[in-house]
file target06.cif (mmCIF, C-alpha atoms)
data_query
loop_
_atom_site.label_atom_id
_atom_site.label_comp_id
_atom_site.auth_asym_id
_atom_site.auth_seq_id
_atom_site.Cartn_x
_atom_site.Cartn_y
_atom_site.Cartn_z
CA MET A 1 24.19 23.53 -62.02
CA PRO A 2 26.00 26.18 -64.10
CA GLU A 3 23.82 28.25 -66.41
CA HIS A 4 25.62 26.97 -69.50
CA CYS A 5 24.07 23.54 -68.88
CA ASP A 6 20.98 24.98 -70.57
CA ARG A 7 22.79 26.05 -73.72
CA ASP A 8 20.96 25.43 -76.99
CA LEU A 9 22.31 22.34 -78.69
CA TYR A 10 19.39 21.30 -80.85
CA THR A 11 20.33 18.12 -82.63
CA SER A 12 18.84 15.12 -84.38
CA PRO A 13 19.59 11.39 -84.31
CA ALA A 14 21.66 11.88 -87.48
CA ALA A 15 24.00 14.40 -85.85
CA LYS A 16 27.63 13.45 -85.18
CA LEU A 17 29.76 13.56 -82.08
CA PRO A 18 31.91 16.71 -82.14
CA ALA A 19 35.14 14.79 -81.46
CA ALA A 20 34.50 11.06 -81.75
CA GLU A 21 38.18 10.42 -82.41
CA ALA A 22 39.05 11.73 -78.93
CA VAL A 23 36.82 9.29 -77.02
CA ARG A 24 38.69 6.76 -74.91
CA ALA A 25 36.11 5.90 -72.25
CA VAL A 26 32.41 5.26 -72.82
CA VAL A 27 30.45 5.72 -69.59
CA PHE A 28 26.84 4.60 -69.29
CA ASP A 29 24.01 5.45 -66.96
CA ALA A 30 22.56 2.29 -65.42
CA VAL A 31 18.80 2.23 -64.84
CA GLY A 32 16.88 3.08 -67.99
CA THR A 33 19.98 2.94 -70.19
CA LEU A 34 21.58 -0.44 -69.46
CA LEU A 35 19.17 -2.07 -67.01
CA GLU A 36 15.48 -2.26 -66.24
CA PRO A 37 13.90 -3.86 -63.15
CA GLN A 38 12.23 -7.21 -63.75
CA PRO A 39 9.43 -7.34 -62.72
CA PRO A 40 8.76 -3.58 -63.00
CA LEU A 41 9.45 -1.64 -59.83
CA ALA A 42 5.82 -1.03 -58.84
CA GLN A 43 5.03 -4.71 -59.34
CA ALA A 44 7.93 -5.73 -57.08
CA TYR A 45 6.80 -3.29 -54.37
CA PHE A 46 3.24 -4.56 -54.70
CA GLN A 47 4.26 -8.23 -54.46
CA HIS A 48 6.49 -7.84 -51.41
CA GLY A 49 3.99 -5.54 -49.73
CA ARG A 50 1.14 -7.98 -50.34
CA VAL A 51 3.11 -10.83 -48.74
CA LEU A 52 3.47 -8.78 -45.56
CA GLY A 53 -0.15 -7.63 -45.43
CA SER A 54 -0.50 -4.60 -47.70
CA ARG A 55 -3.95 -4.06 -49.18
CA LEU A 56 -2.81 -1.60 -51.87
CA SER A 57 -3.39 -2.28 -55.55
CA VAL A 58 -0.55 -2.15 -58.10
CA GLN A 59 -1.86 1.19 -59.36
CA GLU A 60 -1.96 2.64 -55.86
CA VAL A 61 1.58 1.44 -55.18
CA GLN A 62 2.81 2.96 -58.42
CA GLU A 63 1.21 6.34 -57.75
CA ARG A 64 2.48 6.43 -54.18
CA PHE A 65 5.97 5.37 -55.22
CA HIS A 66 6.35 8.12 -57.83
CA ALA A 67 5.21 10.75 -55.33
CA ALA A 68 7.46 9.35 -52.56
CA PHE A 69 10.49 9.14 -54.84
CA ALA A 70 10.04 12.74 -55.94
CA ARG A 71 9.78 13.90 -52.33
CA CYS A 72 12.71 11.90 -51.03
CA PHE A 73 15.16 12.28 -53.90
CA GLY A 74 14.07 15.58 -55.39
CA SER A 75 16.57 17.64 -53.39
CA ALA A 76 19.04 14.83 -52.70
CA ALA A 77 21.41 15.97 -55.45
CA VAL A 78 22.64 18.84 -53.29
CA GLU A 79 23.34 16.64 -50.26
CA PRO A 80 26.45 14.57 -49.49
CA CYS A 81 25.87 10.99 -50.57
CA SER A 82 26.80 7.77 -48.77
CA GLU A 83 25.54 4.24 -48.25
CA GLN A 84 23.89 5.43 -45.04
CA THR A 85 22.04 8.32 -46.68
CA GLU A 86 20.95 6.09 -49.55
CA ARG A 87 19.44 3.52 -47.23
CA ARG A 88 17.77 6.29 -45.24
CA LEU A 89 16.16 7.76 -48.35
CA TRP A 90 14.91 4.41 -49.63
CA ARG A 91 13.61 3.52 -46.18
CA GLN A 92 11.60 6.74 -46.27
CA VAL A 93 10.21 5.82 -49.69
CA VAL A 94 8.95 2.52 -48.28
CA GLN A 95 7.49 4.39 -45.30
CA ASP A 96 5.68 6.85 -47.57
CA VAL A 97 4.24 4.09 -49.78
CA PHE A 98 3.17 1.61 -47.10
CA GLY A 99 3.02 3.68 -43.91
CA ASP A 100 -0.76 3.32 -43.52
CA GLN A 101 -0.74 -0.42 -44.24
CA PRO A 102 -0.62 -3.28 -41.69
CA VAL A 103 2.94 -4.29 -42.57
CA LYS A 104 6.25 -4.46 -40.72
CA LEU A 105 7.98 -1.60 -42.47
CA GLU A 106 11.55 -2.50 -41.55
CA GLU A 107 11.09 -6.08 -42.75
CA LEU A 108 9.52 -4.83 -45.96
CA PHE A 109 12.36 -2.37 -46.53
CA GLU A 110 14.96 -5.12 -46.12
CA ARG A 111 13.06 -7.42 -48.49
CA LEU A 112 12.95 -4.72 -51.16
CA TRP A 113 16.56 -3.67 -50.61
CA ASN A 114 17.71 -7.26 -51.07
CA HIS A 115 15.36 -7.84 -54.01
CA PHE A 116 16.95 -5.05 -56.05
CA ALA A 117 20.44 -6.24 -55.10
CA GLN A 118 20.00 -9.41 -57.15
CA ALA A 119 21.05 -9.49 -60.79
CA ARG A 120 18.18 -11.83 -61.67
CA HIS A 121 15.73 -9.04 -60.91
CA TRP A 122 17.25 -6.84 -63.61
CA ARG A 123 17.16 -7.27 -67.38
CA LEU A 124 19.35 -5.72 -70.03
CA CYS A 125 17.94 -2.86 -72.07
CA PRO A 126 17.70 -3.37 -75.86
CA GLY A 127 21.03 -3.09 -77.64
CA VAL A 128 23.32 -3.73 -74.68
CA GLU A 129 24.21 -7.31 -75.63
CA GLY A 130 25.32 -6.28 -79.10
CA LEU A 131 27.00 -2.99 -78.23
CA TRP A 132 29.11 -3.76 -75.17
CA PRO A 133 31.24 -6.60 -76.61
CA TRP A 134 31.82 -4.47 -79.73
CA LEU A 135 33.00 -1.49 -77.66
CA HIS A 136 35.28 -3.80 -75.68
CA GLU A 137 36.77 -5.24 -78.88
CA GLN A 138 37.35 -1.74 -80.21
CA GLY A 139 39.47 -0.97 -77.14
CA TYR A 140 37.22 1.55 -75.39
CA LEU A 141 37.30 1.72 -71.61
CA LEU A 142 33.83 0.77 -70.38
CA ALA A 143 32.28 2.15 -67.22
CA VAL A 144 28.92 2.57 -65.53
CA ALA A 145 28.02 5.77 -63.65
CA SER A 146 24.83 5.81 -61.63
CA ASN A 147 22.87 7.30 -58.75
CA PHE A 148 22.83 3.78 -57.33
CA ASP A 149 24.70 2.35 -54.37
CA ARG A 150 27.29 -0.41 -54.12
CA ARG A 151 24.68 -3.08 -54.91
CA LEU A 152 25.15 -2.10 -58.55
CA GLU A 153 28.73 -3.42 -58.54
CA ALA A 154 27.57 -7.00 -57.87
CA ILE A 155 24.67 -6.68 -60.30
CA CYS A 156 27.05 -5.75 -63.13
CA ARG A 157 29.49 -8.54 -62.23
CA HIS A 158 26.70 -11.09 -62.57
CA LYS A 159 25.00 -9.60 -65.63
CA PRO A 160 27.10 -10.20 -68.77
CA PRO A 161 28.17 -8.30 -70.80
CA LEU A 162 28.16 -5.62 -68.08
CA ASP A 163 30.93 -7.60 -66.40
CA LEU A 164 33.16 -6.05 -69.08
CA ALA A 165 32.95 -2.74 -67.22
CA ARG A 166 36.33 -1.79 -65.83
CA TRP A 167 34.68 0.60 -63.38
CA VAL A 168 31.26 0.88 -61.79
CA PHE A 169 30.90 4.37 -60.33
CA VAL A 170 28.05 4.84 -57.85
CA CYS A 171 27.06 8.03 -56.10
CA THR A 172 27.54 6.52 -52.64
CA ARG A 173 31.24 5.97 -53.31
CA LEU A 174 31.79 9.24 -55.18
CA GLY A 175 30.10 11.17 -52.39
CA VAL A 176 27.92 13.17 -54.78
CA ARG A 177 25.07 12.30 -57.11
CA LYS A 178 23.89 13.36 -60.54
CA PRO A 179 23.00 15.96 -61.79
CA SER A 180 25.97 17.53 -60.02
CA VAL A 181 28.74 18.46 -62.44
CA GLU A 182 31.17 17.36 -59.72
CA PHE A 183 29.95 13.78 -60.20
CA PHE A 184 31.46 13.77 -63.70
CA ARG A 185 34.59 15.66 -62.75
CA ARG A 186 35.42 13.08 -60.09
CA ILE A 187 34.96 10.22 -62.56
CA ALA A 188 37.25 11.84 -65.14
CA ASP A 189 39.87 12.41 -62.44
CA HIS A 190 39.63 8.76 -61.39
CA LEU A 191 40.00 7.61 -64.99
CA GLY A 192 42.97 9.91 -65.49
CA LEU A 193 41.43 11.24 -68.70
CA ALA A 194 40.74 14.68 -70.11
CA PRO A 195 37.01 15.51 -70.05
CA GLN A 196 36.70 15.39 -73.84
CA GLU A 197 38.05 11.84 -73.81
CA CYS A 198 34.99 10.74 -71.82
CA LEU A 199 31.63 10.03 -73.46
CA MET A 200 28.48 9.82 -71.33
CA VAL A 201 25.49 7.83 -72.60
CA GLY A 202 22.23 8.21 -70.69
CA ASP A 203 18.47 8.35 -71.02
CA THR A 204 17.90 11.42 -68.83
CA LEU A 205 18.67 14.83 -70.26
CA ARG A 206 18.88 16.69 -66.96
CA ALA A 207 20.78 14.09 -64.93
CA ASP A 208 23.02 12.41 -67.52
CA VAL A 209 23.53 14.69 -70.49
CA LEU A 210 23.57 18.35 -69.51
CA PRO A 211 25.84 18.03 -66.46
CA ALA A 212 28.24 15.83 -68.44
CA LEU A 213 28.45 18.52 -71.11
CA ALA A 214 28.99 21.14 -68.42
CA ALA A 215 31.91 19.09 -67.11
CA GLY A 216 33.48 19.17 -70.58
CA TRP A 217 32.53 15.63 -71.55
CA GLN A 218 30.98 14.50 -74.79
CA ALA A 219 27.47 13.08 -74.35
CA LEU A 220 24.72 11.13 -76.06
CA TRP A 221 21.06 11.29 -75.12
CA LEU A 222 19.30 7.92 -75.49
CA CYS A 223 15.75 8.97 -76.33
CA THR A 224 13.34 6.77 -78.25
CA ASP A 225 10.66 9.46 -78.55
CA PRO A 226 11.26 11.43 -81.79
CA VAL A 227 8.97 14.20 -80.54
CA GLN A 228 11.34 15.08 -77.70
CA GLU A 229 13.72 17.37 -79.54
CA LYS A 230 14.98 19.40 -76.61
CA PRO A 231 18.21 21.17 -75.78
CA GLY A 232 20.81 18.47 -75.21
CA CYS A 233 23.56 16.66 -77.00
CA VAL A 234 23.45 14.27 -79.90
CA ARG A 235 20.36 12.08 -79.63
CA ILE A 236 20.21 8.39 -80.45
CA ALA A 237 17.08 6.28 -80.54
CA HIS A 238 18.87 2.96 -79.97
CA LEU A 239 22.15 2.02 -78.33
CA GLU A 240 23.43 0.27 -81.45
CA GLN A 241 23.52 3.67 -83.21
CA LEU A 242 26.53 4.49 -81.06
CA LYS A 243 28.71 2.26 -83.28
CA ALA A 244 28.29 4.45 -86.34
CA LEU A 245 28.89 7.63 -84.33
CA LEU A 246 32.19 6.37 -82.89
CA VAL A 247 33.43 4.64 -86.05
CA PRO A 248 31.62 6.36 -88.95
CA ASP A 249 33.22 4.12 -91.59
CA GLU A 250 32.37 0.92 -89.71
CA ASN A 251 29.79 -1.20 -91.47
CA CYS A 252 27.43 -1.75 -88.56
#
call {"tool": "encode", "arguments": {"input": "target06.cif", "output": "C-alpha cells"}}
result
Amino acid sequence: MPEHCDRDLYTSPAAKLPAAEAVRAVVFDAVGTLLEPQPPLAQAYFQHGRVLGSRLSVQEVQERFHAAFARCFGSAAVEPCSEQTERRLWRQVVQDVFGDQPVKLEELFERLWNHFAQARHWRLCPGVEGLWPWLHEQGYLLAVASNFDRRLEAICRHKPPLDLARWVFVCTRLGVRKPSVEFFRRIADHLGLAPQECLMVGDTLRADVLPALAAGWQALWLCTDPVQEKPGCVRIAHLEQLKALLVPDENC
C-alpha cells in the first residue's frame, strides 16, 4: 500500500465530507458494515462441527477460527483472487479449526460454505433499513464492495433493501482483494466515475478506508467506539449519520 495511506487525517464524528456534492456512488463494505452472520460465525462453526462429531466447545472453535483466519488470509491481499483460491483458503480454515477432530472435513467444509451462502443466515446491521431506501430515493448509485465471493450476490438479492444495489463487487470477480488500492481503482473504472465521485463506507480502517483514500475516493469510517480516534477519514458512529453528511440541510 502506498505510504500516503498512513497520512494523518484526525477527524471526529462531527467532521464533514470534503466534497459531499461530488458523490454519485455510495459503496459499502459488506460484513460488519451491512451484514452480520446469524448465528455468529463461531456458533455456526460449532453447530455444524458438532453434528459431524466435533468435540470442541464454542470458545475453542472461536479461538481456533480467529487464529486460522489470520494465518490463511493474512497475506492473501497480495495474491491473485478467484473463486478457486477463495474456496481453497476457506477449506484450509476448516482444516485448521477441526483437523484434529473425528469429522469428515470435506463434508463439513461444504456444509459451512452452503450455510453462509444463504441470506437467512445473515442479518442487516443497524441503520441499513433506514439508510438504503433514502439513498436510493436521493438518486445515489448504490454498490457493495467486499472481500467475499460470488455468494454475496445472491445474499444481497434476497436481503432487502440490499437488493437496491446496482452492483455487488466481490474480490473473486475483481481478481484482487482489499486492502489493495487496485481493488478500488477497478471499481471506479467499472462505474465509469472519477475517484472523487465514489464514497466508500466501511468498518475497517485498514481494509476499507485508507486504501479507498489512496485511490482518490472519499471515505467514511463506521466506528462505534469513540475511543478509537485514529488516522482515517471522517468517522461516523451510526450509518444514519451519513444522511446529514451527504445532504447537510436535510432534516434527518
call {"tool": "resolve_selection", "arguments": {"input": "target06.cif", "expression": "the PyMOL selection byres ((chain A and resi 81-91) around 12)", "output": "PyMOL selection string"}}
result
chain A and resi 65+68-80+92-99+105-114+116+147-151+170-178+180+183
call {"tool": "atom_distance", "arguments": {"input": "target06.cif", "atom1": "CA of Arg206 in chain A", "atom2": "CA of His238 in chain A"}}
result
18.9 Å
call {"tool": "residues_around", "arguments": {"input": "target06.cif", "residues": "Glu129 in chain A", "least_positions_apart": "5", "cutoff": "10 Å", "atoms": "only C-alpha atoms", "output": "list in words"}}
result
Leu34, Leu124, Trp134, Pro160, Pro161, Leu162, Leu239 and Glu240 of chain A
call {"tool": "resolve_selection", "arguments": {"input": "target06.cif", "expression": "the PyMOL selection byres ((chain A and resi 26) around 7)", "output": "PDB file with C-alpha atoms, keeping the file's coordinate frame"}}
result
ATOM      1  CA  ARG A  24      38.690   6.760 -74.910  1.00  0.00           C
ATOM      2  CA  ALA A  25      36.110   5.900 -72.250  1.00  0.00           C
ATOM      3  CA  VAL A  27      30.450   5.720 -69.590  1.00  0.00           C
ATOM      4  CA  PHE A  28      26.840   4.600 -69.290  1.00  0.00           C
ATOM      5  CA  TYR A 140      37.220   1.550 -75.390  1.00  0.00           C
ATOM      6  CA  LEU A 141      37.300   1.720 -71.610  1.00  0.00           C
ATOM      7  CA  LEU A 142      33.830   0.770 -70.380  1.00  0.00           C
ATOM      8  CA  ALA A 143      32.280   2.150 -67.220  1.00  0.00           C
ATOM      9  CA  CYS A 198      34.990  10.740 -71.820  1.00  0.00           C
ATOM     10  CA  LEU A 199      31.630  10.030 -73.460  1.00  0.00           C
ATOM     11  CA  MET A 200      28.480   9.820 -71.330  1.00  0.00           C
TER      12      MET A 200
END
call {"tool": "atom_distance", "arguments": {"input": "target06.cif", "atom1": "CA of Pro126 in chain A", "atom2": "CA of Gln138 in chain A"}}
result
20.2 Å
call {"tool": "atom_distance", "arguments": {"input": "target06.cif", "atom1": "CA of Gln38 in chain A", "atom2": "CA of Trp122 in chain A"}}
result
5.0 Å
call {"tool": "closest_residue", "arguments": {"input": "target06.cif", "among": "A:Val61, A:Pro18, A:Gln241, A:Ala219", "to": "Gly130 in chain A", "atoms": "only C-alpha atoms"}}
result
A:Gln241
call {"tool": "resolve_selection", "arguments": {"input": "target06.cif", "expression": "the PyMOL selection byres ((chain A and resi 242-245) around 12)", "output": "PyMOL selection string"}}
result
chain A and resi 13-21+23+26+28+127-128+130-138+140+199-202+218-222+234-241+246-252
call {"tool": "closest_residue", "arguments": {"input": "target06.cif", "among": "A:Glu36, A:Glu182, A:Asp208, A:Asp225", "to": "Arg120 in chain A", "atoms": "all atoms listed in the file"}}
result
A:Glu36
call {"tool": "closest_residue", "arguments": {"input": "target06.cif", "among": "A:Ala67, A:Leu213, A:Ala22, A:Val103", "to": "Ala194 in chain A", "atoms": "all atoms listed in the file"}}
result
A:Ala22
call {"tool": "closest_residue", "arguments": {"input": "target06.cif", "among": "A:Pro39, A:Asp203, A:Val209, A:Ala117", "to": "Cys223 in chain A", "atoms": "all atoms listed in the file"}}
result
A:Asp203
call {"tool": "closest_residue", "arguments": {"input": "target06.cif", "among": "A:Leu41, A:Ala145, A:Val181, A:Ile155", "to": "Phe169 in chain A", "atoms": "all atoms listed in the file"}}
result
A:Ala145
call {"tool": "closest_residue", "arguments": {"input": "target06.cif", "among": "A:Val31, A:His121, A:Ile187, A:Leu205", "to": "Ala44 in chain A", "atoms": "only C-alpha atoms"}}
result
A:His121
call {"tool": "decode", "arguments": {"input": "target06.cif", "residues": "range 119-175 of chain A", "atoms": "C-alpha atoms", "output": "compact mmCIF listing (two decimals), in the first residue's frame"}}
result
# COMPACT_ATOMS: atom_id res chain seq x y z
CA ALA A 119 -29.48 -14.95 3.06
CA ARG A 120 -31.40 -16.24 6.09
CA HIS A 121 -28.12 -16.75 7.90
CA TRP A 122 -27.28 -13.06 7.65
CA ARG A 123 -28.94 -10.10 9.36
CA LEU A 124 -28.80 -6.44 8.49
CA CYS A 125 -26.60 -4.18 10.58
CA PRO A 126 -28.30 -1.30 12.45
CA GLY A 127 -29.27 1.60 10.20
CA VAL A 128 -29.28 -0.23 6.88
CA GLU A 129 -33.06 -0.47 6.57
CA GLY A 130 -33.49 3.27 7.04
CA LEU A 131 -30.48 4.46 5.07
CA TRP A 132 -30.54 2.43 1.87
CA PRO A 133 -34.05 3.37 0.63
CA TRP A 134 -33.24 7.03 1.40
CA LEU A 135 -30.01 6.90 -0.62
CA HIS A 136 -31.90 5.25 -3.48
CA GLU A 137 -34.58 7.95 -3.41
CA GLN A 138 -31.90 10.64 -3.44
CA GLY A 139 -30.55 9.19 -6.69
CA TYR A 140 -27.22 7.82 -5.48
CA LEU A 141 -25.80 4.75 -7.19
CA LEU A 142 -25.61 2.01 -4.56
CA ALA A 143 -22.99 -0.72 -4.57
CA VAL A 144 -21.41 -3.28 -2.27
CA ALA A 145 -17.66 -3.97 -2.34
CA SER A 146 -16.35 -6.89 -0.34
CA ASN A 147 -13.63 -9.49 0.15
CA PHE A 148 -16.40 -12.05 -0.34
CA ASP A 149 -17.06 -14.35 -3.27
CA ARG A 150 -20.00 -14.60 -5.65
CA ARG A 151 -22.25 -15.99 -2.89
CA LEU A 152 -22.67 -12.38 -1.77
CA GLU A 153 -24.54 -11.51 -4.97
CA ALA A 154 -27.40 -13.89 -4.13
CA ILE A 155 -27.39 -12.87 -0.48
CA CYS A 156 -27.93 -9.22 -1.43
CA ARG A 157 -30.64 -10.09 -3.95
CA HIS A 158 -32.60 -11.87 -1.23
CA LYS A 159 -31.94 -9.40 1.59
CA PRO A 160 -33.95 -6.19 1.06
CA PRO A 161 -33.08 -3.34 0.93
CA LEU A 162 -29.69 -4.59 -0.29
CA ASP A 163 -31.46 -5.68 -3.47
CA LEU A 164 -31.34 -1.97 -4.37
CA ALA A 165 -27.62 -2.33 -5.06
CA ARG A 166 -26.90 -1.81 -8.72
CA TRP A 167 -23.57 -3.59 -8.35
CA VAL A 168 -22.14 -6.14 -5.95
CA PHE A 169 -18.36 -6.16 -6.33
CA VAL A 170 -16.55 -9.16 -4.85
CA CYS A 171 -12.84 -9.80 -4.79
CA THR A 172 -13.15 -13.08 -6.67
CA ARG A 173 -14.57 -11.28 -9.70
CA LEU A 174 -12.29 -8.25 -9.47
CA GLY A 175 -9.24 -10.50 -9.19
